[in-house]
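**Student:** What follows is coords.cif; its format and atoms are mmCIF, C-alpha atoms.
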```cif
data_start
loop_
_atom_site.label_atom_id
_atom_site.label_comp_id
_atom_site.auth_asym_id
_atom_site.auth_seq_id
_atom_site.Cartn_x
_atom_site.Cartn_y
_atom_site.Cartn_z
CA MET A 1 0.00 0.00 0.00
CA SER A 2 1.23 3.48 -0.85
CA PRO A 3 2.62 5.60 2.01
CA PHE A 4 1.43 8.81 0.34
CA THR A 5 -1.58 10.63 1.82
CA GLY A 6 -3.93 13.32 0.61
CA SER A 7 -5.84 15.86 2.66
CA ALA A 8 -7.52 13.51 5.10
CA ALA A 9 -6.10 13.48 8.63
CA PRO A 10 -5.48 10.21 10.51
CA THR A 11 -8.56 8.89 12.29
CA PRO A 12 -8.33 9.90 15.97
CA ASP A 13 -10.88 7.39 17.26
CA TRP A 14 -11.97 4.01 15.95
CA ARG A 15 -15.49 3.56 17.27
CA HIS A 16 -15.99 -0.07 16.29
CA LEU A 17 -12.59 -1.49 17.26
CA ARG A 18 -10.16 -1.08 20.13
CA VAL A 19 -6.75 -0.04 18.82
CA GLU A 20 -3.52 0.20 20.82
CA ILE A 21 0.00 0.75 19.45
CA THR A 22 3.11 0.10 21.55
CA ASP A 23 6.71 -0.26 20.39
CA GLY A 24 5.73 -0.82 16.78
CA VAL A 25 3.07 -3.44 17.58
CA ALA A 26 -0.59 -2.63 16.94
CA THR A 27 -3.19 -4.59 18.89
CA VAL A 28 -6.62 -4.49 17.25
CA THR A 29 -9.34 -6.00 19.40
CA LEU A 30 -12.85 -6.92 18.29
CA ALA A 31 -14.70 -5.69 21.36
CA ARG A 32 -18.35 -6.82 21.36
CA PRO A 33 -17.99 -9.65 23.88
CA ASP A 34 -21.75 -9.80 24.55
CA LYS A 35 -22.21 -10.74 20.86
CA LEU A 36 -19.10 -12.96 20.62
CA ASN A 37 -17.52 -10.07 18.71
CA ALA A 38 -19.95 -10.41 15.82
CA LEU A 39 -19.07 -8.03 12.99
CA THR A 40 -21.25 -5.15 11.86
CA PHE A 41 -21.12 -3.10 8.66
CA GLU A 42 -19.24 -0.44 10.59
CA ALA A 43 -16.70 -2.90 12.04
CA TYR A 44 -15.85 -4.18 8.56
CA ALA A 45 -15.42 -0.61 7.33
CA ASP A 46 -13.24 0.30 10.31
CA LEU A 47 -10.99 -2.73 9.73
CA ARG A 48 -10.61 -1.85 6.05
CA ASP A 49 -9.80 1.79 6.76
CA LEU A 50 -7.58 1.11 9.79
CA LEU A 51 -5.34 -1.29 7.88
CA ALA A 52 -4.96 1.27 5.10
CA GLU A 53 -4.01 4.02 7.57
CA LEU A 54 -1.52 1.84 9.43
CA SER A 55 0.02 0.75 6.14
CA ARG A 56 0.53 4.36 5.05
CA GLY A 57 1.97 5.40 8.41
CA ARG A 58 4.80 2.84 8.29
CA SER A 59 5.34 3.01 12.07
CA VAL A 60 3.59 -0.32 12.77
CA ARG A 61 5.85 -3.33 12.22
CA ALA A 62 3.46 -6.09 13.38
CA LEU A 63 -0.23 -6.35 14.22
CA VAL A 64 -2.13 -8.64 16.59
CA LEU A 65 -5.82 -9.18 15.83
CA ALA A 66 -7.68 -10.44 18.90
CA GLY A 67 -11.18 -10.88 20.28
CA GLU A 68 -12.44 -9.85 23.71
CA GLY A 69 -14.36 -12.23 25.98
CA ARG A 70 -15.26 -15.86 25.30
CA GLY A 71 -14.17 -16.10 21.68
CA PHE A 72 -12.40 -14.52 18.74
CA CYS A 73 -15.29 -13.70 16.40
CA SER A 74 -18.61 -15.38 15.65
CA GLY A 75 -18.87 -13.88 12.15
CA GLY A 76 -21.37 -11.40 10.79
CA ASP A 77 -24.03 -10.21 13.21
CA VAL A 78 -27.23 -12.16 12.44
CA ASP A 79 -29.55 -9.24 13.14
CA GLU A 80 -27.44 -6.29 12.03
CA ILE A 81 -26.04 -7.83 8.85
CA ILE A 82 -27.94 -10.96 7.79
CA GLY A 83 -31.30 -9.46 8.65
CA ALA A 84 -30.44 -6.18 6.95
CA THR A 85 -29.19 -7.80 3.74
CA LEU A 86 -32.59 -9.41 3.12
CA SER A 87 -33.98 -6.01 2.20
CA MET A 88 -31.04 -4.83 0.06
CA ASP A 89 -31.06 -4.71 -3.72
CA THR A 90 -28.36 -6.40 -5.79
CA ALA A 91 -26.21 -3.29 -6.15
CA ARG A 92 -26.15 -2.71 -2.39
CA LEU A 93 -25.41 -6.38 -1.72
CA LEU A 94 -22.52 -6.24 -4.17
CA ASP A 95 -21.14 -3.17 -2.37
CA PHE A 96 -21.27 -5.01 0.95
CA ASN A 97 -19.66 -8.19 -0.31
CA ARG A 98 -16.93 -6.23 -2.05
CA MET A 99 -16.23 -4.42 1.23
CA THR A 100 -15.74 -7.69 3.12
CA GLY A 101 -13.31 -8.79 0.43
CA GLN A 102 -11.46 -5.50 0.73
CA VAL A 103 -10.87 -6.26 4.41
CA VAL A 104 -9.26 -9.61 3.54
CA ARG A 105 -7.15 -7.99 0.82
CA ALA A 106 -6.05 -5.33 3.32
CA VAL A 107 -4.91 -8.04 5.76
CA ARG A 108 -2.97 -9.82 3.01
CA GLU A 109 -1.52 -6.68 1.40
CA CYS A 110 -0.54 -4.59 4.44
CA PRO A 111 3.28 -4.32 4.71
CA PHE A 112 3.55 -5.87 8.18
CA PRO A 113 2.81 -9.35 9.50
CA VAL A 114 -0.62 -9.93 11.04
CA ILE A 115 -1.00 -12.43 13.89
CA ALA A 116 -4.48 -13.69 14.81
CA ALA A 117 -4.70 -14.51 18.54
CA LEU A 118 -7.40 -17.15 18.78
CA HIS A 119 -9.47 -18.61 21.58
CA GLY A 120 -13.00 -19.92 21.48
CA VAL A 121 -14.99 -19.60 18.28
CA ALA A 122 -13.74 -18.23 14.97
CA ALA A 123 -16.78 -18.70 12.75
CA GLY A 124 -17.91 -17.45 9.36
CA ALA A 125 -16.24 -14.13 8.63
CA GLY A 126 -14.24 -14.55 11.85
CA ALA A 127 -12.72 -17.76 10.48
CA VAL A 128 -11.78 -16.01 7.22
CA LEU A 129 -10.19 -13.08 9.06
CA ALA A 130 -8.05 -15.57 10.97
CA LEU A 131 -7.28 -17.43 7.73
CA ALA A 132 -6.10 -14.21 6.07
CA ALA A 133 -3.60 -13.51 8.86
CA ASP A 134 0.06 -14.46 8.38
CA PHE A 135 0.13 -16.40 11.66
CA ARG A 136 -2.66 -18.03 13.67
CA VAL A 137 -1.73 -18.50 17.34
CA ALA A 138 -4.44 -20.43 19.17
CA ASP A 139 -5.12 -22.03 22.52
CA PRO A 140 -6.85 -25.44 22.90
CA SER A 141 -10.31 -23.85 23.13
CA ALA A 142 -10.08 -22.47 19.58
CA ARG A 143 -12.40 -23.83 16.94
CA PHE A 144 -12.95 -22.78 13.33
CA ALA A 145 -16.22 -23.03 11.42
CA PHE A 146 -16.67 -21.83 7.84
CA LEU A 147 -20.45 -21.61 8.12
CA PHE A 148 -21.44 -19.99 4.84
CA THR A 149 -23.21 -23.01 3.31
CA ARG A 150 -25.10 -23.44 6.60
CA VAL A 151 -26.92 -20.14 5.86
CA GLY A 152 -27.52 -20.99 2.19
CA LEU A 153 -24.54 -19.13 0.72
CA SER A 154 -21.37 -20.15 -1.10
CA GLY A 155 -18.52 -21.42 1.02
CA GLY A 156 -16.22 -19.27 -1.11
CA ASP A 157 -16.89 -16.06 0.82
CA MET A 158 -14.35 -13.26 1.36
CA GLY A 159 -11.65 -15.17 -0.52
CA ALA A 160 -12.01 -18.36 1.53
CA ALA A 161 -12.02 -20.61 -1.56
CA TYR A 162 -8.76 -18.97 -2.67
CA LEU A 163 -6.92 -18.91 0.67
CA LEU A 164 -8.00 -22.10 2.43
CA PRO A 165 -6.78 -24.63 -0.19
CA ARG A 166 -3.41 -22.87 -0.14
CA VAL A 167 -3.18 -23.27 3.64
CA VAL A 168 -4.62 -26.76 4.23
CA GLY A 169 -4.87 -28.31 0.74
CA LEU A 170 -7.84 -28.79 -1.58
CA GLY A 171 -9.23 -31.89 0.13
CA HIS A 172 -9.47 -30.37 3.61
CA ALA A 173 -10.67 -27.05 2.17
CA THR A 174 -13.48 -28.75 0.24
CA ARG A 175 -14.66 -30.51 3.39
CA LEU A 176 -14.49 -27.41 5.58
CA LEU A 177 -16.15 -25.04 3.10
CA MET A 178 -18.76 -27.49 1.80
CA LEU A 179 -19.93 -28.96 5.11
CA GLY A 180 -19.28 -26.08 7.50
CA ASP A 181 -18.41 -28.49 10.32
CA PRO A 182 -16.37 -27.07 13.23
CA VAL A 183 -12.66 -27.83 13.38
CA ARG A 184 -11.24 -27.89 16.89
CA ALA A 185 -7.70 -26.89 17.77
CA PRO A 186 -6.00 -30.32 17.64
CA GLU A 187 -7.26 -31.06 14.13
CA ALA A 188 -6.66 -27.46 13.03
CA GLU A 189 -3.02 -27.81 14.08
CA ARG A 190 -2.73 -31.18 12.34
CA ILE A 191 -3.92 -29.85 8.97
CA GLY A 192 -1.87 -26.66 9.19
CA LEU A 193 -4.64 -24.18 9.97
CA ILE A 194 -2.93 -23.19 13.25
CA SER A 195 0.64 -21.84 13.23
CA GLU A 196 1.20 -22.27 16.98
CA LEU A 197 -0.88 -24.08 19.61
CA THR A 198 -0.42 -22.64 23.09
CA GLU A 199 -1.47 -23.65 26.57
CA GLU A 200 -5.00 -22.74 27.69
CA GLY A 201 -5.49 -18.98 27.92
CA ARG A 202 -2.02 -18.14 26.56
CA ALA A 203 -2.83 -17.30 22.92
CA ASP A 204 -2.82 -13.51 23.41
CA GLU A 205 0.48 -13.62 25.27
CA ALA A 206 2.12 -15.86 22.67
CA ALA A 207 0.77 -13.73 19.82
CA HIS A 208 2.26 -10.59 21.36
CA THR A 209 5.59 -12.33 21.98
CA LEU A 210 5.70 -13.25 18.30
CA ALA A 211 4.59 -9.76 17.27
CA HIS A 212 7.38 -8.10 19.26
CA ARG A 213 9.92 -10.55 17.83
CA LEU A 214 8.80 -9.58 14.34
CA ALA A 215 8.66 -5.87 15.17
CA ASP A 216 12.23 -5.99 16.47
CA GLY A 217 13.45 -7.61 13.25
CA PRO A 218 14.15 -6.33 9.73
CA ALA A 219 10.78 -4.80 8.84
CA LEU A 220 11.52 -4.25 5.14
CA ALA A 221 12.62 -7.86 4.73
CA HIS A 222 9.42 -9.03 6.43
CA ALA A 223 7.28 -6.76 4.25
CA GLN A 224 8.89 -8.01 1.05
CA THR A 225 8.65 -11.65 2.14
CA LYS A 226 4.93 -11.21 2.81
CA ALA A 227 4.44 -9.48 -0.54
CA LEU A 228 6.21 -12.30 -2.39
CA LEU A 229 4.28 -15.03 -0.59
CA THR A 230 1.04 -13.42 -1.77
CA ALA A 231 2.16 -12.43 -5.26
CA GLU A 232 3.77 -15.76 -6.14
CA LEU A 233 0.79 -17.94 -5.25
CA ASP A 234 -0.37 -17.82 -8.88
CA MET A 235 2.92 -17.30 -10.72
CA PRO A 236 4.80 -19.80 -12.83
CA LEU A 237 8.24 -20.63 -11.49
CA ALA A 238 10.08 -18.54 -14.08
CA ALA A 239 8.15 -15.40 -13.10
CA ALA A 240 8.55 -16.15 -9.39
CA VAL A 241 12.32 -16.55 -9.48
CA GLU A 242 12.65 -13.38 -11.58
CA LEU A 243 10.59 -11.46 -9.01
CA ASP A 244 12.74 -12.95 -6.24
CA ALA A 245 15.89 -11.82 -8.04
CA SER A 246 14.62 -8.26 -8.50
CA THR A 247 13.51 -8.04 -4.88
CA GLN A 248 16.81 -9.35 -3.52
CA ALA A 249 18.80 -6.98 -5.71
CA LEU A 250 16.86 -4.03 -4.29
CA LEU A 251 17.18 -5.21 -0.69
CA MET A 252 20.93 -5.68 -1.17
CA THR A 253 21.18 -1.90 -1.62
CA GLY A 254 19.38 -1.33 1.71
CA GLU A 255 20.74 -0.24 5.07
CA ASP A 256 19.65 -3.43 6.85
CA TYR A 257 21.73 -5.63 4.56
CA ALA A 258 24.82 -3.51 5.20
CA GLU A 259 24.00 -3.43 8.92
CA PHE A 260 23.93 -7.24 9.06
CA HIS A 261 27.43 -7.40 7.60
CA ALA A 262 28.72 -4.74 10.00
CA ALA A 263 27.13 -6.50 12.99
CA PHE A 264 28.51 -9.87 11.92
CA THR A 265 31.98 -8.41 11.51
CA GLU A 266 31.83 -6.63 14.88
CA LYS A 267 30.28 -9.67 16.61
CA ARG A 268 27.19 -7.81 17.84
CA PRO A 269 23.42 -8.06 17.23
CA PRO A 270 22.16 -6.11 14.20
CA LYS A 271 20.36 -2.80 14.76
CA TRP A 272 17.61 -3.10 12.20
CA GLN A 273 16.26 0.11 10.66
CA GLY A 274 13.61 -1.29 8.33
CA ARG A 275 15.17 0.27 5.26
#
```
Before we go any further, please render this structure as structure tokens.
**Tutor:**
Amino acid sequence: MSPFTGSAAPTPDWRHLRVEITDGVATVTLARPDKLNALTFEAYADLRDLLAELSRGRSVRALVLAGEGRGFCSGGDVDEIIGATLSMDTARLLDFNRMTGQVVRAVRECPFPVIAALHGVAAGAGAVLALAADFRVADPSARFAFLFTRVGLSGGDMGAAYLLPRVVGLGHATRLLMLGDPVRAPEAERIGLISELTEEGRADEAAHTLAHRLADGPALAHAQTKALLTAELDMPLAAAVELDASTQALLMTGEDYAEFHAAFTEKRPPKWQGR
């Protein structure tokens, strides 16, 4: 995402999310615990716009996405979204569905790693938000459910049919998206849907430990690695290795590459600058 801004000032208050930034780590909390953090139209829009602002600011080097209360996110709010969409015309429905996809694209395209801290339910849109993250850190209570067919819709919502086969393989993805059955933490870890399984109640702590490790590292190298992982999913090998070569050549002119050599020579830890 471009770092250049126009006339609009940064948003001083995010009404539908809780946002905290400390030492280069942003913590974004879905904070409707009474509704299992069900998403509203406004929460989707805030997530889309927040990720764009943080990407332009370039001060955030890692982001933790978490849910308050008993679970991560139960998906779209049944009353405020599903009920409301029944009275929308096709154009308005297309606007809404495009917006949810923009949120997933923002998670995948932001120039910093995103870590989903998972406990309890991650269902529907909540499961896709977790899927879009670069890392999924979960405790044993976590369970995923891609529920879209259970409400009469396609399982390929918000990019799920694109992302899930690339994470767990086509066979598991077909089962999860077609049937909508819940996947509990042990199976999720076995099929690769969870990056790290923690002890009970330790997912937030482990996610922040990982976030600070990433934030303390070479931010530009992390950003380019993330960009290549996304871009090369659909490239032939020849195009992928050419993009790798161009990226490495650019990074070899950067300060972090020279700093590694200086630190190695002087037998000290590198002081990463992210450039």
**Student:** Of the candidates A:Gly71, A:Gly171, A:Gly124, A:Pro182, which shows the shortest atom-to-atom distance to Ser154 in chain A, using all atoms listed in the file?
**Tutor:** A:Gly124
**Student:** Near Ala240 in chain A, within 12 Å and counting all atoms listed in the file, which residues show up once chain neighbours fewer than 4 positions away are dropped, as an MDAnalysis selection string?
**Tutor:** chainID A and resid 227:236 244:247
**Student:** Do you have, as a Markdown table, the list of residues of range 125-149 of chain A lying at most 6 Å from range 189-200 of chain A, each with its nearest atom pair and that distance in Å to one decimal, counting only C-alpha atoms and ordered by chain then number?
**Tutor:**
```
| residue | atom | partner | partner_atom | distance |
| --- | --- | --- | --- | --- |
| A:Phe135 | CA | A:Ser195 | CA | 5.7 |
| A:Arg136 | CA | A:Ser195 | CA | 5.1 |
| A:Val137 | CA | A:Glu196 | CA | 4.8 |
| A:Ala138 | CA | A:Leu197 | CA | 5.1 |
| A:Asp139 | CA | A:Thr198 | CA | 4.8 |
| A:Pro140 | CA | A:Glu200 | CA | 5.8 |
```
**Student:** CA of Leu170 in chain A and CA of Arg48 in chain A are how many Å apart?
**Tutor:**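 Distance between the two atoms: 28.1 Å.
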**Student:** Counting only C-alpha atoms, which residues have an atom no more than 12 Å from (-9.3, 2.9, 21.1) in the file's coordinates? Please list them as number ranges by chain.
**Tutor:** A: 11-21, 26-31, 46, 50
**Student:** Report the distance between CA of Ala207 in chain A and CA of His222 in chain A in Å, rounded to one decimal place.
**Tutor:**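 Computing the Euclidean distance for CA of Ala207 in chain A and CA of His222 in chain A yields 16.6 Å.
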**Student:** Given only C-alpha atoms as the basis, pick out the residue of A:Thr22, A:Ser59, A:Thr265, A:Thr5 nearest to Ala219 in chain A.
**Tutor:**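 Between A:Thr22, A:Ser59, A:Thr265, A:Thr5, the residue approaching Ala219 in chain A most closely is A:Ser59.
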**Student:** Could the residues of range 128-214 of chain A that have an atom at most 12 Å from range 89-103 of chain A be listed as CSV, each with its closest atom pair and the distance in Å to one decimal, counting all atoms listed in the file and ordered by chain and ascending residue number?
**Tutor:**
```
residue,atom,partner,partner_atom,distance
A:Val128,CA,A:Gly101,CA,10.0
A:Leu129,CA,A:Val103,CA,8.3
A:Ala130,CA,A:Val103,CA,11.7
A:Ala132,CA,A:Val103,CA,9.4
A:Ala133,CA,A:Val103,CA,11.2
A:Gly156,CA,A:Gly101,CA,11.0
A:Asp157,CA,A:Gly101,CA,8.1
A:Met158,CA,A:Gly101,CA,4.7
A:Gly159,CA,A:Gly101,CA,6.7
A:Ala160,CA,A:Gly101,CA,9.7
A:Tyr162,CA,A:Gly101,CA,11.6
A:Leu163,CA,A:Gly101,CA,12.0
```
**Student:** Give the padded box for range 22-32 of chain A as AutoDock Vina command-line options: axis-aligned, covering all atoms listed in the file, 5 Å on each side, centre and edge lengths in Å to one decimal.
**Tutor:**
```
--center_x -5.8 --center_y -3.4 --center_z 19.2 --size_x 35.1 --size_y 17.0 --size_z 14.8
```
